[in-house]
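Asks: My file is data-v8.pdb. It has PDB, C-alpha atoms:
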MODEL        1
ATOM      1  CA  MET A 850      22.974   4.169 -13.246
ATOM      2  CA  LYS A 851      25.699   6.127 -15.066
ATOM      3  CA  LYS A 852      23.443   9.213 -15.158
ATOM      4  CA  LEU A 853      22.714   8.818 -11.454
ATOM      5  CA  PHE A 854      26.441   8.504 -10.634
ATOM      6  CA  LEU A 855      27.295  11.635 -12.616
ATOM      7  CA  PHE A 856      24.454  13.542 -10.960
ATOM      8  CA  LEU A 857      25.551  12.586  -7.427
ATOM      9  CA  SER A 858      29.179  13.367  -8.270
ATOM     10  CA  ALA A 859      28.185  16.839  -9.415
ATOM     11  CA  ILE A 860      26.339  17.357  -6.128
ATOM     12  CA  LEU A 861      29.397  16.395  -4.053
ATOM     13  CA  LEU A 862      31.696  18.652  -6.094
ATOM     14  CA  THR A 863      29.288  21.575  -5.685
ATOM     15  CA  ILE A 864      29.104  21.086  -1.938
ATOM     16  CA  SER A 865      32.890  20.828  -1.686
ATOM     17  CA  SER A 866      33.376  24.045  -3.669
ATOM     18  CA  PHE A 867      31.219  26.092  -1.345
ATOM     19  CA  SER A 868      31.741  24.379   1.998
ATOM     20  CA  GLN A 869      34.401  26.931   2.986
ATOM     21  CA  THR A 870      31.982  29.882   2.695
ATOM     22  CA  THR A 871      31.763  31.691   6.037
ATOM     23  CA  GLU A 872      28.390  32.532   7.521
ATOM     24  CA  GLU A 873      27.266  35.282   9.817
ATOM     25  CA  GLU A 874      26.492  34.241  13.361
ATOM     26  CA  PHE A 875      23.273  32.242  13.355
ATOM     27  CA  LYS A 876      21.123  30.848  16.139
ATOM     28  CA  PRO A 877      19.604  27.443  15.246
ATOM     29  CA  SER A 878      15.854  27.206  15.815
ATOM     30  CA  GLY A 879      12.828  25.105  14.955
ATOM     31  CA  GLU A 880       9.043  25.211  14.753
ATOM     32  CA  VAL A 881       6.086  22.843  14.940
ATOM     33  CA  GLN A 882       3.878  22.687  11.841
ATOM     34  CA  PHE A 883       0.409  21.253  11.259
ATOM     35  CA  LYS A 884      -2.364  21.449   8.675
ATOM     36  CA  VAL A 885      -5.858  19.912   8.733
ATOM     37  CA  PHE A 886      -8.466  19.473   5.952
ATOM     38  CA  TRP A 887     -12.084  19.054   7.155
ATOM     39  CA  ASN A 888     -15.368  18.997   5.245
ATOM     40  CA  TYR A 889     -19.084  18.367   5.384
ATOM     41  CA  HIS A 890     -20.811  17.495   2.109
ATOM     42  CA  TYR A 891     -24.243  16.620   0.772
ATOM     43  CA  ASP A 892     -24.528  14.358  -2.275
ATOM     44  CA  PHE A 893     -27.313  15.118  -4.784
ATOM     45  CA  SER A 894     -26.225  12.356  -7.189
ATOM     46  CA  GLN A 895     -28.703   9.732  -8.290
ATOM     47  CA  ASN A 896     -28.695   6.278  -6.703
ATOM     48  CA  VAL A 897     -26.281   7.130  -3.877
ATOM     49  CA  THR A 898     -26.839   5.542  -0.479
ATOM     50  CA  LYS A 899     -24.576   7.870   1.526
ATOM     51  CA  LYS A 900     -26.177  11.284   1.102
ATOM     52  CA  SER A 901     -24.103  13.303   3.553
ATOM     53  CA  ALA A 902     -21.058  13.002   5.780
ATOM     54  CA  PHE A 903     -18.489  14.794   7.895
ATOM     55  CA  GLU A 904     -14.922  13.976   6.843
ATOM     56  CA  LEU A 905     -11.400  14.651   8.035
ATOM     57  CA  ASN A 906      -9.509  13.773   4.873
ATOM     58  CA  ARG A 907      -5.991  14.910   5.749
ATOM     59  CA  SER A 908      -3.992  15.945   8.792
ATOM     60  CA  TYR A 909      -0.346  16.917   8.409
ATOM     61  CA  PHE A 910       1.871  17.466  11.410
ATOM     62  CA  GLY A 911       5.621  17.821  11.748
ATOM     63  CA  TYR A 912       8.645  19.869  12.709
ATOM     64  CA  LYS A 913      11.111  22.050  10.819
ATOM     65  CA  TYR A 914      14.585  22.915  12.113
ATOM     66  CA  ASP A 915      17.102  25.425  10.756
ATOM     67  CA  PHE A 916      20.662  24.298  11.460
ATOM     68  CA  SER A 917      22.094  27.396   9.777
ATOM     69  CA  LYS A 918      21.098  30.113   7.309
ATOM     70  CA  ASN A 919      21.583  27.637   4.468
ATOM     71  CA  ILE A 920      20.798  24.199   5.938
ATOM     72  CA  SER A 921      17.429  23.046   7.264
ATOM     73  CA  ALA A 922      15.455  19.838   7.707
ATOM     74  CA  LYS A 923      11.813  18.927   8.188
ATOM     75  CA  VAL A 924       9.813  15.846   9.084
ATOM     76  CA  ILE A 925       6.085  15.712   8.286
ATOM     77  CA  PHE A 926       3.581  12.935   8.972
ATOM     78  CA  ASP A 927       0.376  12.461   6.982
ATOM     79  CA  ALA A 928      -2.709  11.056   8.704
ATOM     80  CA  GLY A 929      -5.585  10.303   6.373
ATOM     81  CA  SER A 930      -7.951   7.773   4.856
ATOM     82  CA  ASP A 931      -6.509   5.905   1.863
ATOM     83  CA  ALA A 932      -7.482   2.867  -0.183
ATOM     84  CA  GLY A 933      -5.521  -0.133   1.001
ATOM     85  CA  PHE A 934      -4.949   1.333   4.458
ATOM     86  CA  SER A 935      -7.069   1.621   7.589
ATOM     87  CA  GLU A 936      -9.581   4.443   7.983
ATOM     88  CA  TYR A 937      -6.890   6.695   9.473
ATOM     89  CA  SER A 938      -3.343   5.647   8.735
ATOM     90  CA  ILE A 939      -0.269   7.644   9.717
ATOM     91  CA  LEU A 940       2.461   7.709   7.093
ATOM     92  CA  LEU A 941       5.771   9.517   6.892
ATOM     93  CA  LYS A 942       5.181  12.146   4.181
ATOM     94  CA  THR A 943       8.438  14.111   4.273
ATOM     95  CA  ALA A 944      11.870  13.593   5.855
ATOM     96  CA  GLN A 945      13.867  16.147   3.931
ATOM     97  CA  LEU A 946      17.219  17.933   4.196
ATOM     98  CA  ASP A 947      17.564  21.215   2.277
ATOM     99  CA  TRP A 948      20.978  22.749   1.589
ATOM    100  CA  LYS A 949      21.550  26.074  -0.180
ATOM    101  CA  VAL A 950      25.069  25.270  -1.311
ATOM    102  CA  ALA A 951      25.497  28.516  -3.305
ATOM    103  CA  ASP A 952      23.580  31.500  -4.591
ATOM    104  CA  GLY A 953      20.894  30.065  -6.837
ATOM    105  CA  VAL A 954      21.672  26.399  -6.047
ATOM    106  CA  LYS A 955      19.632  24.323  -3.599
ATOM    107  CA  LEU A 956      19.806  20.585  -2.931
ATOM    108  CA  SER A 957      17.097  18.493  -1.272
ATOM    109  CA  MET A 958      17.529  14.864  -0.262
ATOM    110  CA  GLY A 959      15.645  12.188   1.622
ATOM    111  CA  LEU A 960      11.885  11.717   1.411
ATOM    112  CA  ILE A 961      11.330  14.967  -0.470
ATOM    113  CA  GLY A 962       8.410  16.968  -1.829
ATOM    114  CA  MET A 963       8.282  16.585  -5.599
ATOM    115  CA  LYS A 964       8.201  19.489  -8.067
ATOM    116  CA  GLN A 965       5.936  17.939 -10.703
ATOM    117  CA  PHE A 966       2.764  19.836  -9.836
ATOM    118  CA  ASN A 967       3.700  22.116  -6.926
ATOM    119  CA  ASP A 968       3.462  25.326  -8.994
ATOM    120  CA  GLN A 969       0.115  24.264 -10.444
ATOM    121  CA  GLU A 970      -1.159  23.469  -6.954
ATOM    122  CA  ASP A 971      -0.051  26.895  -5.680
ATOM    123  CA  PHE A 972      -1.858  28.671  -8.520
ATOM    124  CA  TRP A 973      -5.010  26.601  -7.974
ATOM    125  CA  GLY A 974      -4.736  27.616  -4.330
ATOM    126  CA  TYR A 975      -7.406  25.339  -2.821
ATOM    127  CA  ARG A 976      -5.709  22.035  -2.030
ATOM    128  CA  TYR A 977      -7.939  21.618   1.051
ATOM    129  CA  ILE A 978     -10.973  21.577  -1.283
ATOM    130  CA  PHE A 979      -9.656  19.466  -4.156
ATOM    131  CA  LYS A 980      -6.300  18.149  -5.364
ATOM    132  CA  SER A 981      -4.522  19.589  -8.384
ATOM    133  CA  PHE A 982      -5.196  17.670 -11.625
ATOM    134  CA  GLN A 983      -2.034  15.528 -11.699
ATOM    135  CA  ASP A 984      -2.315  14.663  -8.029
ATOM    136  CA  GLU A 985      -5.990  13.695  -8.368
ATOM    137  CA  HIS A 986      -5.385  11.392 -11.336
ATOM    138  CA  SER A 987      -2.048   9.884 -10.213
ATOM    139  CA  TYR A 988       0.275  11.375 -12.811
ATOM    140  CA  GLY A 989       2.956  11.536 -10.144
ATOM    141  CA  PRO A 990       3.543  11.386  -6.369
ATOM    142  CA  SER A 991       3.549  14.475  -4.167
ATOM    143  CA  ALA A 992       6.601  13.108  -2.301
ATOM    144  CA  ASP A 993       9.204  10.424  -2.979
ATOM    145  CA  LEU A 994      12.613   9.158  -1.885
ATOM    146  CA  GLY A 995      15.349  10.829  -3.901
ATOM    147  CA  VAL A 996      17.549  13.838  -4.572
ATOM    148  CA  ASN A 997      16.481  17.115  -6.156
ATOM    149  CA  ALA A 998      18.611  20.025  -7.356
ATOM    150  CA  GLU A 999      17.110  23.479  -7.993
ATOM    151  CA  PHE A1000      18.890  26.163  -9.999
ATOM    152  CA  THR A1001      18.102  29.857 -10.362
ATOM    153  CA  ILE A1002      19.690  30.486 -13.749
ATOM    154  CA  THR A1003      18.527  34.077 -14.227
ATOM    155  CA  LYS A1004      15.911  36.316 -12.609
ATOM    156  CA  THR A1005      13.342  34.916 -15.033
ATOM    157  CA  LEU A1006      14.502  31.308 -15.509
ATOM    158  CA  LYS A1007      14.650  28.466 -12.986
ATOM    159  CA  ALA A1008      15.217  24.730 -13.364
ATOM    160  CA  ASN A1009      15.242  21.564 -11.317
ATOM    161  CA  PHE A1010      16.555  18.045 -11.864
ATOM    162  CA  VAL A1011      15.389  15.103  -9.765
ATOM    163  CA  VAL A1012      16.257  11.416  -9.361
ATOM    164  CA  SER A1013      13.803   9.405  -7.260
ATOM    165  CA  ASN A1014      12.515   5.896  -6.645
ATOM    166  CA  GLY A1015       9.316   6.672  -8.536
ATOM    167  CA  GLU A1016       7.094   4.761  -6.091
ATOM    168  CA  GLY A1017       5.823   7.662  -3.996
ATOM    169  CA  TYR A1018       5.888   8.013  -0.205
ATOM    170  CA  LYS A1019       3.301   5.268   0.429
ATOM    171  CA  LYS A1020       5.485   2.483  -0.990
ATOM    172  CA  LEU A1021       9.017   1.186  -0.648
ATOM    173  CA  GLN A1022      11.301   0.968  -3.665
ATOM    174  CA  ASP A1023      10.357  -1.896  -6.008
ATOM    175  CA  GLU A1024      12.632  -4.914  -6.386
ATOM    176  CA  ASP A1025      13.928  -3.777  -9.792
ATOM    177  CA  GLY A1026      15.382  -0.544  -8.389
ATOM    178  CA  ASN A1027      14.586   1.508 -11.503
ATOM    179  CA  GLN A1028      14.892   5.216 -10.723
ATOM    180  CA  LYS A1029      12.679   7.925 -12.133
ATOM    181  CA  ILE A1030      14.547  10.838 -13.725
ATOM    182  CA  GLY A1031      12.829  14.139 -14.383
ATOM    183  CA  GLY A1032      13.058  17.880 -14.370
ATOM    184  CA  SER A1033      11.374  21.158 -15.141
ATOM    185  CA  LEU A1034      12.001  24.623 -16.528
ATOM    186  CA  ILE A1035      10.114  27.620 -15.142
ATOM    187  CA  PHE A1036      10.151  30.844 -17.140
ATOM    188  CA  GLU A1037       8.678  34.131 -15.900
ATOM    189  CA  PRO A1038       8.997  36.519 -18.867
ATOM    190  CA  ILE A1039       6.957  39.338 -17.281
ATOM    191  CA  LYS A1040       5.737  40.169 -13.804
ATOM    192  CA  GLY A1041       2.870  37.907 -12.778
ATOM    193  CA  LEU A1042       3.255  35.368 -15.609
ATOM    194  CA  THR A1043       4.664  31.906 -14.876
ATOM    195  CA  THR A1044       5.194  29.197 -17.507
ATOM    196  CA  LYS A1045       6.442  25.696 -16.819
ATOM    197  CA  ILE A1046       7.378  22.521 -18.662
ATOM    198  CA  TYR A1047       7.958  19.283 -16.772
ATOM    199  CA  MET A1048       9.051  15.868 -18.066
ATOM    200  CA  ASP A1049      10.035  12.580 -16.423
ATOM    201  CA  SER A1050      10.693   8.969 -17.376
ATOM    202  CA  GLN A1051      10.989   5.678 -15.513
ATOM    203  CA  TYR A1052      12.068   2.447 -17.204
ATOM    204  CA  VAL A1053      10.520  -0.808 -16.085
ATOM    205  CA  THR A1054      12.060  -4.184 -16.972
ATOM    206  CA  ASP A1055      10.874  -5.447 -20.394
ATOM    207  CA  VAL A1056       8.275  -2.656 -20.614
ATOM    208  CA  LYS A1057       8.248   0.714 -22.358
ATOM    209  CA  ALA A1058       9.141   3.625 -20.111
ATOM    210  CA  ILE A1059       6.394   5.268 -18.089
ATOM    211  CA  SER A1060       6.682   8.974 -18.872
ATOM    212  CA  ALA A1061       4.848  12.161 -17.975
ATOM    213  CA  LEU A1062       4.651  15.563 -19.620
ATOM    214  CA  ALA A1063       3.109  18.686 -18.092
ATOM    215  CA  LEU A1064       2.698  22.162 -19.573
ATOM    216  CA  PHE A1065       1.484  25.029 -17.401
ATOM    217  CA  ALA A1066       0.857  28.767 -17.660
ATOM    218  CA  GLY A1067      -0.468  30.991 -14.908
ATOM    219  CA  TYR A1068      -1.009  34.722 -14.574
ATOM    220  CA  LYS A1069      -1.432  36.490 -11.242
ATOM    221  CA  ALA A1070      -2.569  40.096 -10.764
ATOM    222  CA  SER A1071      -3.430  42.019  -7.601
ATOM    223  CA  ASP A1072      -7.039  40.823  -7.427
ATOM    224  CA  TRP A1073      -7.225  37.773  -9.683
ATOM    225  CA  ARG A1074      -5.270  34.796 -10.988
ATOM    226  CA  LEU A1075      -5.759  32.438 -13.923
ATOM    227  CA  GLY A1076      -4.111  29.065 -14.633
ATOM    228  CA  ALA A1077      -4.185  26.474 -17.429
ATOM    229  CA  GLU A1078      -2.398  23.154 -17.818
ATOM    230  CA  TYR A1079      -2.067  20.198 -20.163
ATOM    231  CA  ASN A1080      -0.943  16.816 -18.831
ATOM    232  CA  LYS A1081      -0.062  13.524 -20.505
ATOM    233  CA  LEU A1082       0.907  10.123 -19.097
ATOM    234  CA  ASN A1083       2.353   7.474 -21.448
ATOM    235  CA  ASN A1084       2.608   3.704 -20.942
ATOM    236  CA  GLY A1085       0.968   3.695 -17.548
ATOM    237  CA  LYS A1086      -2.382   3.521 -15.794
ATOM    238  CA  LYS A1087      -0.791   5.770 -13.177
ATOM    239  CA  TYR A1088       2.744   6.885 -12.362
ATOM    240  CA  SER A1089       3.643   3.604 -10.589
ATOM    241  CA  SER A1090       1.644   1.148 -12.729
ATOM    242  CA  SER A1091       3.093   0.394 -16.173
ATOM    243  CA  ALA A1092       0.803  -0.552 -19.064
ATOM    244  CA  VAL A1093       2.095  -0.534 -22.633
ATOM    245  CA  ASP A1094       0.422   2.011 -24.958
ATOM    246  CA  HIS A1095      -1.998   3.185 -22.262
ATOM    247  CA  GLU A1096      -2.280   6.972 -22.290
ATOM    248  CA  LEU A1097      -4.005   9.571 -20.127
ATOM    249  CA  ASP A1098      -4.618  13.122 -21.349
ATOM    250  CA  GLY A1099      -5.849  15.920 -19.165
ATOM    251  CA  LEU A1100      -6.739  19.599 -19.277
ATOM    252  CA  SER A1101      -7.339  21.852 -16.291
ATOM    253  CA  PHE A1102      -8.398  25.513 -16.165
ATOM    254  CA  TYR A1103      -8.931  27.530 -12.991
ATOM    255  CA  ALA A1104      -9.550  31.146 -12.022
ATOM    256  CA  THR A1105      -9.888  33.185  -8.830
ATOM    257  CA  TYR A1106     -11.173  36.689  -8.179
ATOM    258  CA  VAL A1107     -10.171  38.304  -4.880
ATOM    259  CA  ILE A1108     -13.046  40.431  -3.559
ATOM    260  CA  ASN A1109     -11.124  41.656  -0.511
ATOM    261  CA  LYS A1110      -8.652  40.337   2.067
ATOM    262  CA  LYS A1111     -11.203  37.871   3.456
ATOM    263  CA  PHE A1112     -13.370  36.828   0.498
ATOM    264  CA  GLU A1113     -12.634  35.358  -2.926
ATOM    265  CA  VAL A1114     -14.559  33.402  -5.541
ATOM    266  CA  PHE A1115     -13.136  30.659  -7.733
ATOM    267  CA  GLY A1116     -13.941  28.199 -10.491
ATOM    268  CA  ARG A1117     -12.285  25.233 -12.172
ATOM    269  CA  TYR A1118     -12.877  22.922 -15.138
ATOM    270  CA  ASP A1119     -11.021  19.597 -15.733
ATOM    271  CA  GLN A1120     -11.203  17.142 -18.618
ATOM    272  CA  LEU A1121      -9.744  13.604 -18.376
ATOM    273  CA  SER A1122      -9.546  11.211 -21.343
ATOM    274  CA  SER A1123      -7.777   7.994 -22.316
ATOM    275  CA  ASN A1124      -7.010   6.108 -25.520
ATOM    276  CA  THR A1125      -8.326   2.839 -26.945
ATOM    277  CA  VAL A1126      -5.572   0.213 -26.903
ATOM    278  CA  THR A1127      -5.149  -2.381 -29.636
ATOM    279  CA  GLY A1128      -7.945  -4.954 -29.415
ATOM    280  CA  GLY A1129     -10.033  -2.845 -27.055
ATOM    281  CA  LEU A1130     -13.644  -1.795 -27.658
ATOM    282  CA  ASN A1131     -13.624   1.351 -25.513
ATOM    283  CA  ASP A1132     -11.108   3.768 -24.061
ATOM    284  CA  TRP A1133      -9.235   1.849 -21.376
ATOM    285  CA  ASN A1134     -10.158   4.336 -18.626
ATOM    286  CA  ILE A1135     -13.794   4.771 -19.687
ATOM    287  CA  ALA A1136     -14.988   4.132 -16.108
ATOM    288  CA  ASN A1137     -13.280   7.362 -14.991
ATOM    289  CA  ASP A1138     -13.006   9.584 -18.091
ATOM    290  CA  GLY A1139     -15.075  12.745 -17.953
ATOM    291  CA  SER A1140     -15.194  16.385 -16.924
ATOM    292  CA  GLN A1141     -15.084  18.061 -13.512
ATOM    293  CA  VAL A1142     -16.590  21.425 -12.537
ATOM    294  CA  ILE A1143     -15.872  23.177  -9.231
ATOM    295  CA  ALA A1144     -17.162  26.608  -8.212
ATOM    296  CA  GLY A1145     -17.345  28.345  -4.856
ATOM    297  CA  ILE A1146     -16.453  31.098  -2.435
ATOM    298  CA  GLN A1147     -13.747  31.225   0.236
ATOM    299  CA  TYR A1148     -13.774  33.109   3.538
ATOM    300  CA  ALA A1149     -10.536  33.583   5.503
ATOM    301  CA  PRO A1150     -11.372  35.346   8.806
ATOM    302  CA  VAL A1151      -7.835  35.142  10.267
ATOM    303  CA  LYS A1152      -4.405  33.940   9.189
ATOM    304  CA  GLY A1153      -4.241  30.132   9.144
ATOM    305  CA  LEU A1154      -7.996  29.561   8.859
ATOM    306  CA  LYS A1155     -10.074  29.173   5.681
ATOM    307  CA  PHE A1156     -13.666  28.164   4.953
ATOM    308  CA  SER A1157     -15.256  27.425   1.586
ATOM    309  CA  LEU A1158     -18.792  26.744   0.387
ATOM    310  CA  ASN A1159     -18.553  25.134  -3.054
ATOM    311  CA  TYR A1160     -20.280  22.954  -5.631
ATOM    312  CA  GLN A1161     -18.578  19.991  -7.322
ATOM    313  CA  ASP A1162     -19.881  18.138 -10.362
ATOM    314  CA  TYR A1163     -18.395  15.244 -12.358
ATOM    315  CA  SER A1164     -19.872  14.187 -15.713
ATOM    316  CA  PHE A1165     -18.734  10.772 -16.978
ATOM    317  CA  ASP A1166     -18.084  10.173 -20.674
ATOM    318  CA  ASN A1167     -19.751   6.799 -20.162
ATOM    319  CA  SER A1168     -23.471   7.619 -20.364
ATOM    320  CA  THR A1169     -24.374   4.501 -18.357
ATOM    321  CA  LEU A1170     -22.748   5.971 -15.241
ATOM    322  CA  ASP A1171     -24.559   8.411 -12.949
ATOM    323  CA  ASN A1172     -22.968  11.834 -12.811
ATOM    324  CA  LYS A1173     -21.801  13.197  -9.465
ATOM    325  CA  SER A1174     -23.278  16.344  -7.914
ATOM    326  CA  LEU A1175     -22.232  17.509  -4.441
ATOM    327  CA  VAL A1176     -22.199  20.611  -2.222
ATOM    328  CA  PHE A1177     -19.279  20.998   0.197
ATOM    329  CA  LEU A1178     -18.409  23.056   3.229
ATOM    330  CA  ASN A1179     -14.623  22.800   3.544
ATOM    331  CA  ALA A1180     -12.226  24.122   6.166
ATOM    332  CA  GLU A1181      -8.460  24.348   6.488
ATOM    333  CA  PHE A1182      -6.687  25.273   9.709
ATOM    334  CA  LYS A1183      -2.923  25.358   9.993
ATOM    335  CA  LEU A1184       0.029  26.672  11.914
TER     336      LEU A1184
ENDMDL
END
Starting from the coordinates I provided, produce the structure as structure tokens.
Replies:
Amino acid sequence: MKKLFLFLSAILLTISSFSQTTEEEFKPSGEVQFKVFWNYHYDFSQNVTKKSAFELNRSYFGYKYDFSKNISAKVIFDAGSDAGFSEYSILLKTAQLDWKVADGVKLSMGLIGMKQFNDQEDFWGYRYIFKSFQDEHSYGPSADLGVNAEFTITKTLKANFVVSNGEGYKKLQDEDGNQKIGGSLIFEPIKGLTTKIYMDSQYVTDVKAISALALFAGYKASDWRLGAEYNKLNNGKKYSSSAVDHELDGLSFYATYVINKKFEVFGRYDQLSSNTVTGGLNDWNIANDGSQVIAGIQYAPVKGLKFSLNYQDYSFDNSTLDNKSLVFLNAEFKL
């Protein structure tokens, strides 16, 4: 709690220091936002009963309002199908206030978008087809209640520091009230190259801290981009479920070649593995450990609309499990 108090105090002092800054005349305005992920897929896997289906996995809709040049807010709702909820549940995904309190300093508070894997997701570039590695395997939430501070230190170095509940946007804060503390450094030594290190930790009563580490490097040129990441989760089955000495390791590699303004081809390879805990016979996550392959083509006829025909394969490390093999037609439409 002492760290949290010092962090919030620093925020208030920063705001006070720059609150007297005059702004040019500004006309407040807002805009409606929405994004939809749709797909049709056919499953070639052995022993499956549901061979094909149309799905509407995610629908985001909300509103953003700019109070001034430096202060804005947005509210976004997430409608989708999730385990533990009804077929289509509507949840509050983001309720966020952003304040650029000075050159190179931005504060976000409320139910905010997290920074753990946002850069990796941007480099992957196909969230409507498949989640980024950490999001898919629950290394961290995409949004959470908390406060985030972003700093542009130099033209090539940025940082952020965040304090959050650690439960994600689908849950309320747990009864222990143990905050998650984390942050990242982003270094861009040359044009097109982005490197990132992220770390966080959340203490749970009488249990070792759940912690996450992520290393990322991505290079973007005019007609192609390439990304690679390493991810590790310690003392947890996922970011909100503590389990002493349980570890998850993951690698993800992805590449895109831009043919022209409307067409691009892409590929991705993921590897997920876990450790064997004391007294165990197999790796604790053996039912899910394995490798993922995704390859396809994207067509974007107009701004805000994307289509993709792609193949997705998952090979389990457990040889007794049937591997997955599917063909997808995905679409994203947004405003």
Asks: Quick one: residues within 7 Å of (-1.5, 10.5, -24.5) (file frame), counting only C-alpha atoms, please, as a PyMOL selection string.
Replies: chain A and resi 1081-1083+1096-1098
Asks: Could you tell me how far CA of Val1142 in chain A lies from CA of Val885 in chain A, in Å and to one decimal?
Replies: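 Computing it gives 23.9 Å between the two atoms.
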Asks: Would you pick out the contacts of Glu904 in chain A at 7 Å or less, using only C-alpha atoms, so that residues sharing its chain but fewer than 6 positions from it are not included, and give the list as a PyMOL selection string?
Replies: chain A and resi 887-889
Asks: May I have the selected residues written with C-alpha atoms, as a PDB file, in the frame of the given file?
Replies:
ATOM      1  CA  TRP A 887     -12.084  19.054   7.155  1.00  0.00           C
ATOM      2  CA  ASN A 888     -15.368  18.997   5.245  1.00  0.00           C
ATOM      3  CA  TYR A 889     -19.084  18.367   5.384  1.00  0.00           C
TER       4      TYR A 889
END
Asks: Which residues would end up in the selection if the PyMOL selection byres ((chain A and resi 1118) around 6) were applied here, given that I need the answer as a list in words?
Replies: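 On the file shown, the PyMOL selection byres ((chain A and resi 1118) around 6) covers Ser1101, Phe1102, Arg1117, Asp1119, Gln1141 and Val1142 of chain A.
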Asks: Nearest to Asp971 in chain A: which of A:Ile1030, A:Leu1075, A:Ala944, A:Leu1175 is it, counting all atoms listed in the file?
Replies: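 Among the listed residues, the smallest separation from Asp971 in chain A belongs to A:Leu1075.
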Asks: Of the candidates A:Trp1073, A:Tyr1068, A:Phe982, A:Tyr1088, which one gets nearest to Lys1029 in chain A if we count all atoms listed in the file?
Replies: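 Between A:Trp1073, A:Tyr1068, A:Phe982, A:Tyr1088, the residue approaching Lys1029 in chain A most closely is A:Tyr1088.
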Asks: Could you tell me how far CA of Glu970 in chain A sits from CA of Ser1071 in chain A, in Å to one decimal place?
Replies: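 Between these atoms lies a distance of 18.7 Å.
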Asks: Nearest to Tyr975 in chain A: which of A:Gly1116, A:Gly1139, A:Gly1032, A:Gly911 is it, counting all atoms listed in the file?
Replies: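 So, comparing all the options, the nearest one is A:Gly1116.
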Asks: Please compute the CA of Thr1003 in chain A-CA of Leu1034 in chain A distance, one decimal, in Å.
Replies: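 Result for CA of Thr1003 in chain A versus CA of Leu1034 in chain A: 11.7 Å, one decimal.
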Asks: Using all atoms listed in the file, find the one residue out of A:Tyr909, A:Phe926, A:Phe1182, A:Phe1115 that sits nearest to Tyr1018 in chain A.
Replies: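 Of all the options, A:Phe926 lies closest to Tyr1018 in chain A.
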